$ cat target-v9.pdb   # PDB, C-alpha atoms
MODEL        1
ATOM      1  CA  MET A1458       0.000   0.000   0.000  1.00  0.00           C
ATOM      2  CA  ALA A1459       1.125   3.533  -0.729  1.00  0.00           C
ATOM      3  CA  THR A1460       1.593   5.977   2.140  1.00  0.00           C
ATOM      4  CA  VAL A1461       0.156   9.503   2.131  1.00  0.00           C
ATOM      5  CA  ARG A1462       1.671  12.052   4.505  1.00  0.00           C
ATOM      6  CA  PHE A1463       0.703  15.647   5.185  1.00  0.00           C
ATOM      7  CA  THR A1464       3.093  18.280   6.486  1.00  0.00           C
ATOM      8  CA  ALA A1465       2.687  19.844   9.901  1.00  0.00           C
ATOM      9  CA  ASN A1466       1.425  23.159   8.513  1.00  0.00           C
ATOM     10  CA  LEU A1467      -1.617  21.357   7.036  1.00  0.00           C
ATOM     11  CA  GLN A1468      -2.069  19.381  10.221  1.00  0.00           C
ATOM     12  CA  ARG A1469      -2.363  22.655  12.160  1.00  0.00           C
ATOM     13  CA  HIS A1470      -5.787  23.051  10.548  1.00  0.00           C
ATOM     14  CA  LEU A1471      -6.893  19.412  10.582  1.00  0.00           C
ATOM     15  CA  ALA A1472      -5.590  16.354  12.352  1.00  0.00           C
ATOM     16  CA  VAL A1473      -4.632  14.036   9.500  1.00  0.00           C
ATOM     17  CA  PRO A1474      -2.587  10.982  10.368  1.00  0.00           C
ATOM     18  CA  GLU A1475      -0.361   9.201   7.903  1.00  0.00           C
ATOM     19  CA  CYS A1476      -2.633   7.094   5.696  1.00  0.00           C
ATOM     20  CA  ALA A1477      -2.009   3.801   3.892  1.00  0.00           C
ATOM     21  CA  VAL A1478      -3.982   3.572   0.653  1.00  0.00           C
ATOM     22  CA  ASP A1479      -4.382   1.148  -2.210  1.00  0.00           C
ATOM     23  CA  ALA A1480      -4.213   3.387  -5.291  1.00  0.00           C
ATOM     24  CA  GLY A1481      -2.856   3.530  -8.828  1.00  0.00           C
ATOM     25  CA  THR A1482      -2.888   7.323  -9.246  1.00  0.00           C
ATOM     26  CA  VAL A1483      -2.505  10.399  -7.084  1.00  0.00           C
ATOM     27  CA  ARG A1484      -6.232  11.107  -7.587  1.00  0.00           C
ATOM     28  CA  SER A1485      -7.298   7.705  -6.270  1.00  0.00           C
ATOM     29  CA  ALA A1486      -4.863   7.978  -3.344  1.00  0.00           C
ATOM     30  CA  LEU A1487      -6.216  11.384  -2.311  1.00  0.00           C
ATOM     31  CA  ASP A1488      -9.819  10.298  -2.819  1.00  0.00           C
ATOM     32  CA  SER A1489      -9.178   7.446  -0.363  1.00  0.00           C
ATOM     33  CA  VAL A1490      -7.869   9.898   2.221  1.00  0.00           C
ATOM     34  CA  PHE A1491     -10.728  12.354   1.593  1.00  0.00           C
ATOM     35  CA  ARG A1492     -13.308   9.624   2.254  1.00  0.00           C
ATOM     36  CA  ASP A1493     -12.085   9.422   5.850  1.00  0.00           C
ATOM     37  CA  HIS A1494     -11.204  13.132   6.163  1.00  0.00           C
ATOM     38  CA  PRO A1495     -13.642  15.074   3.934  1.00  0.00           C
ATOM     39  CA  ARG A1496     -12.742  18.531   5.303  1.00  0.00           C
ATOM     40  CA  LEU A1497      -9.184  18.053   4.077  1.00  0.00           C
ATOM     41  CA  ARG A1498     -10.280  18.179   0.425  1.00  0.00           C
ATOM     42  CA  SER A1499     -10.797  21.961   0.440  1.00  0.00           C
ATOM     43  CA  TYR A1500      -7.326  22.541   1.870  1.00  0.00           C
ATOM     44  CA  VAL A1501      -5.677  20.523  -0.916  1.00  0.00           C
ATOM     45  CA  LEU A1502      -7.964  20.927  -3.960  1.00  0.00           C
ATOM     46  CA  ASP A1503      -9.860  23.886  -5.381  1.00  0.00           C
ATOM     47  CA  ASP A1504     -13.542  23.788  -6.348  1.00  0.00           C
ATOM     48  CA  GLN A1505     -12.589  22.367  -9.778  1.00  0.00           C
ATOM     49  CA  GLY A1506     -10.727  19.430  -8.189  1.00  0.00           C
ATOM     50  CA  ARG A1507      -7.267  20.775  -9.100  1.00  0.00           C
ATOM     51  CA  VAL A1508      -4.361  21.092  -6.701  1.00  0.00           C
ATOM     52  CA  ARG A1509      -4.474  24.506  -5.029  1.00  0.00           C
ATOM     53  CA  GLN A1510      -1.843  27.012  -6.118  1.00  0.00           C
ATOM     54  CA  HIS A1511       0.072  26.908  -2.838  1.00  0.00           C
ATOM     55  CA  VAL A1512       0.034  23.124  -2.429  1.00  0.00           C
ATOM     56  CA  ALA A1513       2.708  20.801  -3.783  1.00  0.00           C
ATOM     57  CA  ILE A1514       2.420  17.026  -4.035  1.00  0.00           C
ATOM     58  CA  PHE A1515       5.393  14.702  -4.380  1.00  0.00           C
ATOM     59  CA  VAL A1516       5.403  11.002  -5.222  1.00  0.00           C
ATOM     60  CA  ASP A1517       8.615   9.223  -4.256  1.00  0.00           C
ATOM     61  CA  GLY A1518      10.473  12.540  -4.111  1.00  0.00           C
ATOM     62  CA  THR A1519       9.306  13.850  -7.515  1.00  0.00           C
ATOM     63  CA  GLN A1520       6.756  16.635  -7.821  1.00  0.00           C
ATOM     64  CA  ILE A1521       3.639  15.568  -9.706  1.00  0.00           C
ATOM     65  CA  ARG A1522       3.157  16.887 -13.238  1.00  0.00           C
ATOM     66  CA  ASP A1523      -0.619  16.645 -13.574  1.00  0.00           C
ATOM     67  CA  ARG A1524      -2.104  19.169 -11.142  1.00  0.00           C
ATOM     68  CA  GLN A1525      -5.549  18.989 -12.798  1.00  0.00           C
ATOM     69  CA  ALA A1526      -6.496  15.332 -13.254  1.00  0.00           C
ATOM     70  CA  LEU A1527      -3.893  14.026 -10.747  1.00  0.00           C
ATOM     71  CA  SER A1528      -3.121  11.133 -13.082  1.00  0.00           C
ATOM     72  CA  ASP A1529       0.505  10.667 -11.976  1.00  0.00           C
ATOM     73  CA  PRO A1530       1.092   6.976 -11.200  1.00  0.00           C
ATOM     74  CA  VAL A1531       1.431   5.613  -7.689  1.00  0.00           C
ATOM     75  CA  ALA A1532       3.211   2.310  -7.068  1.00  0.00           C
ATOM     76  CA  THR A1533       2.390  -0.174  -4.331  1.00  0.00           C
ATOM     77  CA  HIS A1534       5.048   1.170  -1.951  1.00  0.00           C
ATOM     78  CA  SER A1535       5.061   4.813  -3.055  1.00  0.00           C
ATOM     79  CA  GLU A1536       5.339   7.646  -0.574  1.00  0.00           C
ATOM     80  CA  ILE A1537       3.110  10.624  -1.303  1.00  0.00           C
ATOM     81  CA  TYR A1538       3.790  13.919   0.451  1.00  0.00           C
ATOM     82  CA  VAL A1539       1.296  16.775   0.423  1.00  0.00           C
ATOM     83  CA  ILE A1540       2.991  20.056   1.258  1.00  0.00           C
ATOM     84  CA  GLN A1541       1.508  23.496   1.710  1.00  0.00           C
ATOM     85  CA  ALA A1542       4.009  25.852   0.099  1.00  0.00           C
ATOM     86  CA  LEU A1543       4.752  29.032   2.001  1.00  0.00           C
ATOM     87  CA  SER A1544       4.965  32.379   0.268  1.00  0.00           C
ATOM     88  CA  GLY A1545       5.577  35.948   1.233  1.00  0.00           C
ATOM     89  CA  GLY A1546       8.569  37.856   2.369  1.00  0.00           C
TER      90      GLY A1546
ENDMDL
END
$ encode --input "target-v9.pdb" --output "structure tokens"
Amino acid sequence: MATVRFTANLQRHLAVPECAVDAGTVRSALDSVFRDHPRLRSYVLDDQGRVRQHVAIFVDGTQIRDRQALSDPVATHSEIYVIQALSGG
């Protein structure tokens, strides 16, 4: 099973433990997490289902390419990190 982890800055808003999911794409992995934690969806995705501008998602250390359909592949033992990017100065 793939592992989905959320950084501490996202966990400040919602308690989201590390999740083990059975998924073939980033979309299916996140949908599995959102089923158990529905409020998390709006922190990660916009109202069109795309990754929010200030959120980055990495699969096995590589940033995903498809921020709209989330079709990047996920392997059985992949590690998915969802990171809220910080901006400002």
$ residues_around --input "target-v9.pdb" --residues "His1494 (chain A)" --least-positions-apart "5" --cutoff "9 Å" --atoms "all atoms listed in the file" --output "JSON, numbers by chain"
{"A": [1471, 1472, 1473, 1489]}
$ atom_distance --input "target-v9.pdb" --atom1 "CA of Thr1482 (chain A)" --atom2 "CA of Val1501 (chain A)"
15.9 Å
$ resolve_selection --input "target-v9.pdb" --expression "the PyMOL selection byres ((chain A and resi 1522-1533) around 10)" --output "PyMOL selection string"
chain A and resi 1458-1460+1478-1487+1502-1503+1505-1510+1512-1517+1519-1521+1534-1537
$ write_last_selection --input "target-v9.pdb" --atoms "C-alpha atoms" --output "CSV table (one decimal), in the frame of the given file"
chain,number,residue,atom,x,y,z
A,1458,MET,CA,0.0,0.0,0.0
A,1459,ALA,CA,1.1,3.5,-0.7
A,1460,THR,CA,1.6,6.0,2.1
A,1478,VAL,CA,-4.0,3.6,0.7
A,1479,ASP,CA,-4.4,1.1,-2.2
A,1480,ALA,CA,-4.2,3.4,-5.3
A,1481,GLY,CA,-2.9,3.5,-8.8
A,1482,THR,CA,-2.9,7.3,-9.2
A,1483,VAL,CA,-2.5,10.4,-7.1
A,1484,ARG,CA,-6.2,11.1,-7.6
A,1485,SER,CA,-7.3,7.7,-6.3
A,1486,ALA,CA,-4.9,8.0,-3.3
A,1487,LEU,CA,-6.2,11.4,-2.3
A,1502,LEU,CA,-8.0,20.9,-4.0
A,1503,ASP,CA,-9.9,23.9,-5.4
A,1505,GLN,CA,-12.6,22.4,-9.8
A,1506,GLY,CA,-10.7,19.4,-8.2
A,1507,ARG,CA,-7.3,20.8,-9.1
A,1508,VAL,CA,-4.4,21.1,-6.7
A,1509,ARG,CA,-4.5,24.5,-5.0
A,1510,GLN,CA,-1.8,27.0,-6.1
A,1512,VAL,CA,0.0,23.1,-2.4
A,1513,ALA,CA,2.7,20.8,-3.8
A,1514,ILE,CA,2.4,17.0,-4.0
A,1515,PHE,CA,5.4,14.7,-4.4
A,1516,VAL,CA,5.4,11.0,-5.2
A,1517,ASP,CA,8.6,9.2,-4.3
A,1519,THR,CA,9.3,13.8,-7.5
A,1520,GLN,CA,6.8,16.6,-7.8
A,1521,ILE,CA,3.6,15.6,-9.7
A,1534,HIS,CA,5.0,1.2,-2.0
A,1535,SER,CA,5.1,4.8,-3.1
A,1536,GLU,CA,5.3,7.6,-0.6
A,1537,ILE,CA,3.1,10.6,-1.3
$ residues_near_point --input "target-v9.pdb" --point "(-2.9, 13.2, 10.5)" --cutoff "12 Å" --atoms "only C-alpha atoms" --output "list in words"
Thr1460, Val1461, Arg1462, Phe1463, Thr1464, Ala1465, Asn1466, Leu1467, Gln1468, Arg1469, His1470, Leu1471, Ala1472, Val1473, Pro1474, Glu1475, Cys1476, Ala1477, Val1490, Phe1491, Asp1493, His1494, Leu1497 and Val1539 of chain A
$ axis_aligned_box --input "target-v9.pdb" --around "region 1459-1473 of chain A" --padding-each-side "8 Å" --output "AutoDock Vina command-line options"
--center_x -1.9 --center_y 13.3 --center_z 5.8 --size_x 26.0 --size_y 35.6 --size_z 29.1
$ decode --input "target-v9.pdb" --residues "region 1481-1515 of chain A" --atoms "N, CA, C and O atoms" --output "compact mmCIF listing (two decimals), in the first residue's frame"
# COMPACT_ATOMS: atom_id res chain seq x y z
N GLY A 1481 -3.71 3.58 -7.64
CA GLY A 1481 -2.86 3.53 -8.83
C GLY A 1481 -2.46 4.90 -9.33
O GLY A 1481 -1.53 5.04 -10.12
N THR A 1482 -3.19 5.95 -8.85
CA THR A 1482 -2.89 7.32 -9.25
C THR A 1482 -2.95 8.22 -8.02
O THR A 1482 -3.51 7.84 -6.97
N VAL A 1483 -2.43 9.43 -8.17
CA VAL A 1483 -2.50 10.40 -7.08
C VAL A 1483 -3.97 10.69 -6.77
O VAL A 1483 -4.36 10.78 -5.61
N ARG A 1484 -4.80 10.83 -7.80
CA ARG A 1484 -6.23 11.11 -7.59
C ARG A 1484 -6.88 10.03 -6.72
O ARG A 1484 -7.58 10.33 -5.75
N SER A 1485 -6.66 8.77 -7.05
CA SER A 1485 -7.30 7.70 -6.27
C SER A 1485 -6.74 7.64 -4.85
O SER A 1485 -7.47 7.34 -3.91
N ALA A 1486 -5.46 7.96 -4.69
CA ALA A 1486 -4.86 7.98 -3.34
C ALA A 1486 -5.51 9.07 -2.50
O ALA A 1486 -5.92 8.83 -1.34
N LEU A 1487 -5.61 10.28 -3.06
CA LEU A 1487 -6.22 11.38 -2.31
C LEU A 1487 -7.69 11.14 -2.06
O LEU A 1487 -8.19 11.42 -0.96
N ASP A 1488 -8.40 10.60 -3.03
CA ASP A 1488 -9.82 10.30 -2.82
C ASP A 1488 -10.01 9.33 -1.65
O ASP A 1488 -10.96 9.47 -0.87
N SER A 1489 -9.11 8.38 -1.50
CA SER A 1489 -9.18 7.45 -0.36
C SER A 1489 -9.02 8.18 0.95
O SER A 1489 -9.75 7.92 1.91
N VAL A 1490 -8.09 9.11 0.99
CA VAL A 1490 -7.87 9.90 2.22
C VAL A 1490 -9.08 10.80 2.48
O VAL A 1490 -9.55 10.91 3.62
N PHE A 1491 -9.60 11.43 1.43
CA PHE A 1491 -10.73 12.35 1.59
C PHE A 1491 -11.99 11.65 2.07
O PHE A 1491 -12.84 12.27 2.71
N ARG A 1492 -12.14 10.37 1.76
CA ARG A 1492 -13.31 9.62 2.25
C ARG A 1492 -13.33 9.60 3.78
O ARG A 1492 -14.39 9.71 4.39
N ASP A 1493 -12.17 9.45 4.38
CA ASP A 1493 -12.08 9.42 5.85
C ASP A 1493 -11.94 10.81 6.46
O ASP A 1493 -12.23 11.00 7.64
N HIS A 1494 -11.45 11.77 5.66
CA HIS A 1494 -11.20 13.13 6.16
C HIS A 1494 -11.74 14.15 5.14
O HIS A 1494 -10.97 14.84 4.47
N PRO A 1495 -13.06 14.25 5.00
CA PRO A 1495 -13.64 15.07 3.93
C PRO A 1495 -13.30 16.56 4.01
O PRO A 1495 -13.19 17.22 2.98
N ARG A 1496 -13.08 17.11 5.19
CA ARG A 1496 -12.74 18.53 5.30
C ARG A 1496 -11.38 18.84 4.71
O ARG A 1496 -11.11 19.97 4.31
N LEU A 1497 -10.53 17.85 4.61
CA LEU A 1497 -9.18 18.05 4.08
C LEU A 1497 -9.20 18.42 2.59
O LEU A 1497 -8.34 19.15 2.12
N ARG A 1498 -10.20 17.94 1.87
CA ARG A 1498 -10.28 18.18 0.43
C ARG A 1498 -10.14 19.66 0.08
O ARG A 1498 -9.39 20.03 -0.81
N SER A 1499 -10.83 20.54 0.79
CA SER A 1499 -10.80 21.96 0.44
C SER A 1499 -9.46 22.62 0.76
O SER A 1499 -9.15 23.68 0.22
N TYR A 1500 -8.66 22.01 1.60
CA TYR A 1500 -7.33 22.54 1.87
C TYR A 1500 -6.34 22.17 0.76
O TYR A 1500 -5.38 22.87 0.52
N VAL A 1501 -6.60 21.05 0.10
CA VAL A 1501 -5.68 20.52 -0.92
C VAL A 1501 -6.13 20.86 -2.34
O VAL A 1501 -5.31 21.24 -3.17
N LEU A 1502 -7.44 20.74 -2.61
CA LEU A 1502 -7.96 20.93 -3.96
C LEU A 1502 -8.89 22.14 -4.02
O LEU A 1502 -9.58 22.46 -3.04
N ASP A 1503 -8.93 22.78 -5.19
CA ASP A 1503 -9.86 23.89 -5.38
C ASP A 1503 -11.24 23.34 -5.76
O ASP A 1503 -11.44 22.11 -5.82
N ASP A 1504 -12.18 24.23 -6.05
CA ASP A 1504 -13.54 23.79 -6.35
C ASP A 1504 -13.68 23.08 -7.69
O ASP A 1504 -14.70 22.47 -7.99
N GLN A 1505 -12.62 23.10 -8.51
CA GLN A 1505 -12.59 22.37 -9.78
C GLN A 1505 -11.87 21.02 -9.64
O GLN A 1505 -11.71 20.29 -10.62
N GLY A 1506 -11.41 20.70 -8.42
CA GLY A 1506 -10.73 19.43 -8.19
C GLY A 1506 -9.25 19.45 -8.54
O GLY A 1506 -8.61 18.40 -8.59
N ARG A 1507 -8.70 20.63 -8.78
CA ARG A 1507 -7.27 20.78 -9.10
C ARG A 1507 -6.49 21.09 -7.83
O ARG A 1507 -7.05 21.64 -6.87
N VAL A 1508 -5.21 20.79 -7.85
CA VAL A 1508 -4.36 21.09 -6.70
C VAL A 1508 -4.31 22.61 -6.52
O VAL A 1508 -4.09 23.35 -7.48
N ARG A 1509 -4.52 23.07 -5.32
CA ARG A 1509 -4.47 24.51 -5.03
C ARG A 1509 -3.10 25.06 -5.37
O ARG A 1509 -2.10 24.35 -5.31
N GLN A 1510 -3.07 26.35 -5.67
CA GLN A 1510 -1.84 27.01 -6.12
C GLN A 1510 -0.70 26.86 -5.12
O GLN A 1510 0.44 26.66 -5.52
N HIS A 1511 -0.98 26.94 -3.84
CA HIS A 1511 0.07 26.91 -2.84
C HIS A 1511 0.22 25.54 -2.17
O HIS A 1511 0.66 25.44 -1.03
N VAL A 1512 -0.15 24.50 -2.90
CA VAL A 1512 0.03 23.12 -2.43
C VAL A 1512 0.91 22.40 -3.43
O VAL A 1512 0.74 22.55 -4.64
N ALA A 1513 1.86 21.63 -2.94
CA ALA A 1513 2.71 20.80 -3.78
C ALA A 1513 2.54 19.35 -3.35
O ALA A 1513 2.41 19.06 -2.16
N ILE A 1514 2.54 18.46 -4.33
CA ILE A 1514 2.42 17.03 -4.03
C ILE A 1514 3.60 16.31 -4.69
O ILE A 1514 3.90 16.55 -5.86
N PHE A 1515 4.24 15.46 -3.91
CA PHE A 1515 5.39 14.70 -4.38
C PHE A 1515 5.10 13.21 -4.25
O PHE A 1515 4.52 12.77 -3.26
